[in-house]
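Accompanying notes for the structure given below.
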Amino acid sequence: QTVQGADNDFVITMDVSSSMFTGDVEPNRFEASKETSTEFVSRLGNSSKVGVVSYAGDVNEELELSSEMNQVRAAIDGVEIGDSAGTATGDAVATSVSMLISSNQTRTVILITDGTNNVGQSIEEAANFAARQNVTVNPIGIGEAETENEETEDTIRGEEATRAQFPNLNQTKLIGLANETGGEARFATSREGLEDSIVELEEQEVETDVSRYLIMLAGILLVLDAVYRTTNFEVIP
């Protein structure tokens, strides 16, 4: 799968709390998040910039927005598991949004987490801040799901997440974060599900960008048509 070129800037925001060492997503949630994030960056075009944020109880700005993808991949590779207790998802989202404020392109935060926000500002506060700054947040919750059926899909979309329960995730908060900012929440139960979640969300972002351009083009054509109809042209013999 490839991500088509688009005028998008991203911040990859990674939960690095101790629970990310859980091995239900191979080889573990932490390494799977890093590896799939690196693969995603490798598929981006030259017009994109990417920043990297990691967080547990504290938030670390690993890399400011950069168009040098080798530098971005190195920053992701250098992320380490957090040594502070807690999961400050709200603070991490706010930090990521602040990193994107200077961007003139479409701005998106990719949030990868396996926990519930329990330190710092609330997710609602962070969502409100992101919405005011016109930044989209796409949360991806990862981990083992408990379902009534034996079979569980690798990826569960936000609106379908009620049929599966992720014991350590506040699904309602993550879905609310996505809805408030125009994004989409997904929940992955495997390595494959995590990879698909990242790629599909950003392919959807590209489609949204194309739609915006078409709407702008249609608006320009309507204006030109109106000018043409209201302008009197003098015929020169």
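Ordered as shown in the structure tokens, chains take letters A, B, and onward, while each chain numbers its residues from 1 and ligands are numbered from 1 in the order shown.
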Once you count only C-alpha atoms, what closest atom pair and distance in Å to one decimal does each residue of region 57-139 of chain A within 10 Å of region 165-180 of chain A have, with rows by chain and rising residue number, as a tab-separated table?
```
residue	atom	partner	partner_atom	distance
A:Thr89	CA	A:Leu174	CA	9.9
A:Gly90	CA	A:Leu177	CA	9.7
A:Val93	CA	A:Leu177	CA	9.7
A:Leu111	CA	A:Leu174	CA	9.5
A:Thr113	CA	A:Leu169	CA	8.3
A:Asp114	CA	A:Leu169	CA	6.1
A:Gly115	CA	A:Leu169	CA	5.0
A:Thr116	CA	A:Leu169	CA	5.2
A:Asn117	CA	A:Asn170	CA	8.0
A:Ser122	CA	A:Lys173	CA	9.4
A:Ile123	CA	A:Lys173	CA	6.8
A:Glu124	CA	A:Leu177	CA	6.9
A:Glu125	CA	A:Leu177	CA	9.5
A:Ala126	CA	A:Leu177	CA	8.1
A:Ala127	CA	A:Leu177	CA	5.3
A:Asn128	CA	A:Glu180	CA	7.1
A:Phe129	CA	A:Glu180	CA	9.9
A:Ala130	CA	A:Glu180	CA	8.4
A:Ala131	CA	A:Glu180	CA	6.5
A:Arg132	CA	A:Glu180	CA	9.9
A:Thr136	CA	A:Ala178	CA	7.5
A:Val137	CA	A:Ala178	CA	5.6
A:Asn138	CA	A:Ala178	CA	5.8
A:Pro139	CA	A:Leu174	CA	6.2
```
>> Using only C-alpha atoms, which protein or nucleic acid residues come within 8 Å of region 94-99 of chain A? Drop anything in the same chain fewer than 4 positions from it, and give the result as a PyMOL selection string.
In response: chain A and resi 11+13+51+53+59+61+64-65+90+109+126+129-130+133+135
> With only C-alpha atoms as the basis for distance, which of A:Asn104, A:Arg29, A:Val16, A:Thr38 is at the shortest distance from Ala75 (chain A)?
Replying inline: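 Of all the options, A:Thr38 lies closest to Ala75 (chain A).
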>> Nearest residue to Val119 (chain A) out of A:Gly182, A:Gly78, A:Gly143, A:Gly57, using only C-alpha atoms?
In response: A:Gly57
Counting only C-alpha atoms, what is within 9 Å of Lys49 (chain A), bar same-chain residues fewer than 5 positions away, as an mmCIF file with C-alpha atoms, in the first residue's frame?
```cif
data_model
loop_
_atom_site.group_PDB
_atom_site.id
_atom_site.type_symbol
_atom_site.label_atom_id
_atom_site.label_comp_id
_atom_site.auth_asym_id
_atom_site.auth_seq_id
_atom_site.Cartn_x
_atom_site.Cartn_y
_atom_site.Cartn_z
ATOM 1 C CA ASN A 8 -0.296 17.390 4.315
ATOM 2 C CA ASP A 9 1.853 17.905 7.373
ATOM 3 C CA PHE A 10 1.725 15.370 10.198
ATOM 4 C CA VAL A 11 2.726 14.870 13.788
ATOM 5 C CA LEU A 44 5.047 10.145 2.087
ATOM 6 C CA LEU A 65 8.287 19.466 11.711
ATOM 7 C CA SER A 66 10.844 18.310 9.158
ATOM 8 C CA SER A 67 10.785 17.494 5.453
ATOM 9 C CA GLU A 68 13.910 15.367 5.861
ATOM 10 C CA MET A 69 12.376 11.905 6.091
ATOM 11 C CA VAL A 72 12.084 11.720 10.866
ATOM 12 C CA SER A 103 2.080 24.920 8.953
#
```
> What gap, in Å, lies between CA of Ile81 (chain A) and CA of Ser17 (chain A)?
Replying inline: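 Taking CA of Ile81 (chain A) and CA of Ser17 (chain A), their separation equals 6.3 Å.
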>> Rounded to one decimal, what separation in Å do you get between CA of Ser197 (chain A) and CA of Tyr55 (chain A)?
In response: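 Separating CA of Ser197 (chain A) from CA of Tyr55 (chain A) is a distance of 20.4 Å.
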> What residues in region 8-198 of chain A get the DSSP label helix (DSSP H, G or I)? Please answer as number ranges by chain.
Replying inline: A: 18-21, 29-42, 69-77, 89-100, 123-132, 158-163, 171-181, 191-198
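For the set A:Val41, A:Glu26, A:Thr108, A:Ile12, the residue with the smallest atom-to-atom gap to Leu63 (chain A) is A:Ile12, counting only C-alpha atoms.
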> CA of Ala88 (chain A) and CA of Asn60 (chain A) are how many Å apart?
Replying inline: 10.9 Å
> So, counting only C-alpha atoms, which residue among A:Ser19, A:Ser33, A:Gln105, A:Ser54 is closest to Ile140 (chain A)?
Replying inline: A:Ser33
> Which is closest to Asn70 (chain A) among A:Ser190, A:Glu144, A:Glu31, A:Val50, if we use only C-alpha atoms?
Replying inline: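 Smallest separation from Asn70 (chain A) among the options: A:Val50.
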> Using only C-alpha atoms, which of A:Ser37, A:Ser84, A:Ser102, A:Asn118 sits nearest Met14 (chain A)?
Replying inline: A:Ser37
